[in-house]
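A.B. asks: File name data.txt; file contents compact mmCIF, C-alpha atoms and all ligand atoms; full text below.
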```txt
# COMPACT_ATOMS: atom_id res chain seq x y z
CA MET J 128 -2.20 7.79 18.98
CA ALA J 129 1.19 7.04 20.55
CA SER J 130 3.48 9.98 21.22
CA LEU J 131 6.69 10.40 19.26
CA MET J 132 8.72 9.41 22.32
CA ASP J 133 6.69 6.22 22.68
CA ARG J 134 7.15 5.42 19.03
CA VAL J 135 10.94 5.94 19.24
CA SER J 136 11.13 3.79 22.32
CA ASN J 137 8.97 1.09 20.70
CA PHE J 138 11.13 1.23 17.61
CA PHE J 139 14.36 0.63 19.49
CA GLY J 140 12.61 -2.05 21.45
CA GLY J 141 11.79 -3.74 18.14
CA ASN J 142 8.05 -3.14 18.59
CA ASP J 143 7.34 -0.58 15.88
CA ALA J 144 6.62 -2.61 12.76
CA GLU J 145 5.41 0.39 10.79
CA THR J 146 8.63 2.39 11.25
CA GLY J 147 10.72 -0.73 10.76
CA GLU J 148 9.04 -1.38 7.40
CA GLY J 149 9.47 2.25 6.40
CA LEU J 150 13.17 2.19 7.25
CA ARG J 151 13.64 -1.09 5.40
CA SER J 152 12.22 0.39 2.22
CA LEU J 153 14.31 3.54 2.75
CA PHE J 154 17.38 1.32 3.13
CA ILE J 155 16.58 -0.60 -0.06
CA ASN J 156 16.07 2.61 -2.01
CA GLU J 157 19.38 3.95 -0.70
CA LEU J 158 21.09 0.73 -1.81
CA LYS J 159 19.54 1.03 -5.27
CA ALA J 160 20.78 4.60 -5.61
CA ILE J 161 24.29 3.60 -4.50
CA TYR J 162 24.23 0.66 -6.91
CA TYR J 163 23.33 3.06 -9.73
CA ALA J 164 26.03 5.51 -8.62
CA GLU J 165 28.76 2.86 -8.57
CA LYS J 166 27.85 1.69 -12.06
CA GLN J 167 28.00 5.26 -13.34
CA ALA J 168 31.31 5.72 -11.53
CA VAL J 169 32.96 2.82 -13.40
CA ASP J 170 32.33 4.56 -16.72
CA ALA J 171 33.16 8.02 -15.41
CA LEU J 172 36.45 6.88 -13.86
CA GLY J 173 37.49 5.38 -17.20
CA GLU J 174 36.78 8.67 -18.98
CA GLN J 175 38.63 10.63 -16.31
CA ALA J 176 41.66 8.33 -16.52
CA ASP J 177 41.74 8.84 -20.29
CA ALA J 178 41.57 12.59 -19.84
CA ALA J 179 44.20 12.87 -17.07
CA SER J 180 47.49 14.61 -17.82
CA THR J 181 49.80 12.74 -15.48
CA ASP J 182 50.42 9.07 -14.84
CA GLU J 183 49.87 9.60 -11.11
CA VAL J 184 46.32 10.89 -11.52
CA ARG J 185 45.53 8.43 -14.33
CA ASN J 186 46.66 5.49 -12.18
CA ALA J 187 44.67 6.73 -9.19
CA PHE J 188 41.50 6.74 -11.29
CA LEU J 189 42.24 3.35 -12.85
CA MET J 190 42.90 1.79 -9.46
CA HIS J 191 39.66 3.14 -8.09
CA GLN J 192 37.81 1.97 -11.19
CA GLU J 193 38.93 -1.59 -10.41
CA GLU J 194 37.98 -1.15 -6.77
CA THR J 195 34.59 0.18 -7.86
CA ARG J 196 33.91 -3.00 -9.87
CA ASN J 197 34.46 -4.97 -6.65
CA GLN J 198 32.19 -2.57 -4.78
CA ILE J 199 29.41 -3.31 -7.26
CA MET J 200 29.77 -7.04 -6.60
CA ARG J 201 29.84 -6.38 -2.87
CA LEU J 202 26.58 -4.43 -3.19
CA GLU J 203 25.04 -7.43 -4.94
CA ARG J 204 25.99 -9.49 -1.87
CA VAL J 205 24.33 -6.86 0.33
CA PHE J 206 21.10 -7.13 -1.68
CA ASP J 207 21.34 -10.90 -1.50
CA SER J 208 21.88 -10.86 2.26
CA ILE J 209 18.56 -9.10 2.81
CA GLY J 210 16.64 -11.17 0.27
CA VAL J 211 16.20 -8.45 -2.34
CA GLU J 212 17.13 -8.61 -6.02
CA ALA J 213 19.89 -6.15 -6.96
CA ASP J 214 18.43 -3.19 -8.82
CA SER J 215 19.29 0.42 -9.67
CA MET J 216 17.43 3.63 -8.99
CA THR J 217 18.54 6.83 -10.71
CA CYS J 218 20.68 9.05 -8.52
CA GLU J 219 20.62 12.63 -9.83
CA ALA J 220 23.44 13.61 -7.48
CA ILE J 221 25.96 11.29 -9.11
CA ASP J 222 24.74 12.24 -12.59
CA GLY J 223 25.37 15.88 -11.73
CA LEU J 224 28.82 15.17 -10.31
CA ALA J 225 29.74 13.17 -13.43
CA GLU J 226 28.61 16.10 -15.58
CA ASP J 227 30.78 18.44 -13.50
CA ALA J 228 33.79 16.22 -14.19
CA GLN J 229 33.03 16.31 -17.92
CA LYS J 230 32.89 20.09 -17.69
CA VAL J 231 36.36 20.12 -16.12
CA VAL J 232 37.68 18.21 -19.12
CA SER J 233 36.01 20.48 -21.66
CA MET J 234 37.19 23.65 -19.89
CA THR J 235 40.85 22.71 -19.43
CA ASP J 236 43.68 22.09 -21.87
CA SER J 237 44.65 18.56 -22.69
CA GLY J 238 47.93 17.73 -20.95
CA SER J 239 47.69 20.59 -18.44
CA LEU J 240 48.21 20.22 -14.71
CA THR J 241 45.14 22.40 -14.27
CA ARG J 242 43.10 19.57 -15.76
CA ASP J 243 44.47 17.13 -13.21
CA ALA J 244 43.75 19.57 -10.39
CA GLY J 245 40.17 19.84 -11.64
CA LEU J 246 39.83 16.07 -12.00
CA ILE J 247 41.06 15.53 -8.43
CA ILE J 248 38.49 18.04 -7.17
CA ALA J 249 35.75 16.33 -9.18
CA GLY J 250 36.87 12.93 -7.91
CA GLN J 251 36.79 14.08 -4.30
CA LYS J 252 33.27 15.42 -4.71
CA VAL J 253 32.19 11.95 -5.82
CA GLU J 254 34.01 10.31 -2.91
CA HIS J 255 32.34 12.61 -0.40
CA HIS J 256 28.96 11.80 -1.86
CA GLU J 257 29.72 8.10 -1.55
CA ILE J 258 31.07 8.48 1.99
CA ALA J 259 27.79 10.14 3.01
CA ALA J 260 25.73 7.47 1.22
CA TYR J 261 27.63 4.47 2.58
CA GLY J 262 27.96 5.95 6.08
CA SER J 263 24.20 6.37 6.27
CA ALA J 264 23.59 2.92 4.76
CA VAL J 265 25.84 1.31 7.38
CA THR J 266 23.84 2.96 10.15
CA LEU J 267 20.52 1.95 8.61
CA ALA J 268 21.74 -1.66 8.23
CA LYS J 269 22.73 -1.72 11.91
CA VAL J 270 19.42 -0.23 13.03
CA LEU J 271 17.55 -2.84 11.00
CA GLY J 272 19.71 -5.65 12.38
CA TYR J 273 21.33 -6.56 9.03
CA ARG J 274 24.75 -7.42 10.41
CA GLU J 275 26.24 -8.93 7.25
CA ALA J 276 25.04 -6.00 5.14
CA ALA J 277 26.46 -3.55 7.68
CA GLN J 278 29.87 -5.25 7.56
CA LEU J 279 29.99 -5.31 3.77
CA LEU J 280 28.93 -1.67 3.49
CA GLN J 281 31.46 -0.67 6.15
CA GLN J 282 34.21 -2.26 4.04
CA THR J 283 33.29 -0.12 1.06
CA LEU J 284 32.91 2.97 3.23
CA GLN J 285 36.52 2.50 4.34
CA GLU J 286 37.68 2.09 0.73
CA GLU J 287 35.95 5.34 -0.25
CA LYS J 288 37.65 7.15 2.62
CA ASN J 289 41.01 5.72 1.60
CA THR J 290 40.49 6.90 -1.97
CA ASP J 291 39.58 10.36 -0.76
CA GLN J 292 42.76 10.44 1.30
CA LYS J 293 44.87 9.26 -1.63
CA LEU J 294 43.45 12.06 -3.77
CA THR J 295 44.23 14.55 -1.01
CA GLN J 296 47.83 13.32 -0.83
CA LEU J 297 48.13 13.47 -4.59
CA ALA J 298 46.84 17.04 -4.63
CA GLU J 299 49.13 18.10 -1.83
CA SER J 300 52.15 16.54 -3.50
CA PHE J 301 51.46 18.60 -6.62
CA ILE J 302 51.07 21.78 -4.65
CA ASN J 303 54.18 21.18 -2.59
CA GLN J 304 56.29 20.30 -5.59
CA ARG J 305 55.15 23.38 -7.41
CA ALA J 306 55.99 25.58 -4.44
CA ALA J 307 59.46 24.01 -4.32
CA SER J 308 59.90 24.67 -8.02
CA GLU J 309 58.92 28.32 -7.67
CA SER J 310 61.26 28.79 -4.73
CA ASP J 311 64.03 27.18 -6.74
CA MET J 312 63.60 29.86 -9.41
CA ASN J 313 63.87 32.71 -6.89
CA ASN J 314 60.24 33.55 -7.37
CA THR J 315 60.58 34.18 -11.09
CA TYR J 316 57.29 33.52 -12.85
CA GLY J 317 56.18 33.04 -16.37
CA ASP J 318 58.16 30.25 -18.00
CA ARG J 319 58.33 26.47 -18.03
CA ASP J 320 60.45 26.42 -14.91
CA ASN J 321 57.35 27.16 -12.93
CA ASP J 322 55.83 23.84 -13.92
CA ALA J 323 55.38 21.30 -11.18
CA LEU J 324 58.00 18.68 -10.47
CA ARG J 325 57.44 14.98 -10.23
CA PRO J 326 58.39 13.34 -6.96
CA ASP J 327 61.69 12.25 -8.57
CA GLY J 328 62.54 15.87 -9.39
CA THR J 329 61.87 15.76 -13.16
CA ARG J 330 59.39 18.19 -14.65
CA TYR J 331 56.01 17.03 -15.86
CA ASP J 332 56.59 18.39 -19.33
CA ASP J 333 59.90 16.51 -19.63
CA ARG J 334 58.08 13.24 -20.19
CA ASN J 335 55.21 14.48 -22.28
CA SER J 336 55.72 12.39 -25.38
CA THR J 337 52.70 13.85 -27.20
CA GLY J 338 54.36 17.19 -27.72
CA GLN J 339 51.71 18.95 -25.63
CA THR J 340 52.94 21.37 -23.04
CA TYR J 341 51.74 21.51 -19.47
CA GLN J 342 50.64 24.98 -18.65
CA SER J 343 52.76 27.09 -16.46
CA GLY J 344 50.48 29.30 -14.49
CA SER J 345 48.19 26.43 -13.66
CA SER J 346 46.10 27.07 -10.61
CA TYR J 347 48.07 25.29 -7.91
CA SER J 348 48.03 28.29 -5.64
CA SER J 349 48.63 27.72 -1.98
CA GLY J 350 45.40 28.08 -0.12
CA SER J 351 43.60 26.02 -2.72
CA GLN J 352 40.69 24.02 -1.37
CA MET J 353 41.79 21.06 -3.43
CA GLY J 354 42.70 18.22 -1.16
CA GLY J 355 41.83 20.25 1.88
CA THR J 356 40.83 18.74 5.17
CA THR J 357 37.46 17.10 4.93
CA THR J 358 34.64 17.30 7.41
CA TYR J 359 32.33 14.39 6.81
CA GLY J 360 30.28 15.18 9.88
CA SER J 361 28.54 18.12 8.33
CA GLY J 362 25.86 17.44 5.81
CA THR J 363 24.73 14.20 7.36
CA VAL J 364 21.25 13.25 8.36
CA GLY J 365 20.91 13.71 12.06
CA SER J 366 24.38 15.04 12.93
CA SER J 367 25.55 12.91 15.77
CA PRO J 368 28.40 11.15 14.05
CA SER J 369 29.83 9.62 17.19
CA SER J 370 27.39 6.73 16.99
CA THR J 371 29.60 4.71 14.68
CA GLY J 372 32.69 5.25 16.74
CA THR J 373 34.60 7.72 14.60
CA SER J 374 33.88 11.38 14.36
CA ASN J 375 34.41 11.44 10.60
CA ASP J 376 31.74 8.96 9.58
CA ALA J 377 28.72 10.20 7.71
CA THR J 378 25.89 8.65 9.60
CA LEU J 379 22.28 8.96 10.46
CA GLY J 380 23.64 9.83 13.82
CA GLY J 381 22.48 8.77 17.19
CA MET J 382 19.89 6.33 15.92
CA SER J 383 21.96 3.23 16.21
CA GLY J 384 21.92 1.29 19.39
CA VAL J 385 23.62 -1.65 17.71
FE FE J 401 32.63 3.59 -4.83
```
Using structure tokens, write down the structure from this file.
Ligand SMILES: [Fe+2]

C.D. replies:
Amino acid sequence: MASLMDRVSNFFGGNDAETGEGLRSLFINELKAIYYAEKQAVDALGEQADAASTDEVRNAFLMHQEETRNQIMRLERVFDSIGVEADSMTCEAIDGLAEDAQKVVSMTDSGSLTRDAGLIIAGQKVEHHEIAAYGSAVTLAKVLGYREAAQLLQQTLQEEKNTDQKLTQLAESFINQRAASESDMNNTYGDRDNDALRPDGTRYDDRNSTGQTYQSGSSYSSGSQMGGTTTYGSGTVGSSPSSTGTSNDATLGGMSGV
């Protein structure tokens, strides 16, 4: 039987049909799981937009919901490009993350900034899952020589990264505005003046037409992990993220000679 080194070298030389077939079916299964995840995400993003307290967070979810619909169609083109019918395969990871987001809604007050903080965290967990899934799928597509699929998947990977970044900026703007508000009140805590400010300087509860109040004392403490710097490199299969050219890509690492 051929040694592992021989098999790897045969594979990259295009001579290992067995491994090639195995990777192709792995790739297809990954695509099916991503397809399932994106479909779940469309529904979840709608629910999260409905539950959001502020227009900024609501709009971020609605925008990404629209983008996600396009990503589903793009995945159908990926399936088509490799001659496989588009199909879903249950992804427990995304189901769990969607449940976590529902928990955030049930455990926070309607109209509170704490809810939006929780929704941003939940949203970023989904994005990081998708970044890992798409990053690995791009690498697999390259290894298998599916250039069109690789390009399409790379497009979506970039969109997921952009969304993650937008959520980070949104989170940081809340935190910064709250800090400015607290400083403005000479570090006096405990009343509505500690609520976060909108970018235009008005308070979030000033425009709350439903009569609900946004909680002062919401958990926008400095040092929060929300929106913190992300490290996509960890948690990937293989851990040599430089193979796709950027150190932040989630990849199968080091396998791609394409
Ligand atoms: Fe997505």

A.B. asks: Could you list, as a PyMOL selection string, all protein and nucleic acid residues with an atom at most 12 Å from ligand FE 401 (chain J), counting all atoms listed in the file?

C.D. replies: chain J and resi 160-172+188+190-202+221+250-261+280-291

A.B. asks: For a quick check of understanding, using all atoms listed in the file, which of J:Ser208, J:Thr295, J:Ser233, J:Ser215 has the smallest distance to Ala178 (chain J)?

C.D. replies: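 Closest to Ala178 (chain J) of all the choices is J:Ser233.
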
A.B. asks: Rounded to one decimal place, report the CA of Glu157 (chain J)-CA of Gly272 (chain J) distance in Å.

C.D. replies: 16.2 Å

A.B. asks: Could you tell me how far CA of Gln175 (chain J) sits from CA of Gly245 (chain J), in Å to one decimal place?

C.D. replies: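 So the answer is 10.4 Å.
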
A.B. asks: Give me, please, the distance in Å between CA of Ala298 (chain J) and CA of Gly262 (chain J), quoted to one decimal.

C.D. replies: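 CA of Gly262 (chain J) lies at a distance of 24.4 Å from CA of Ala298 (chain J).
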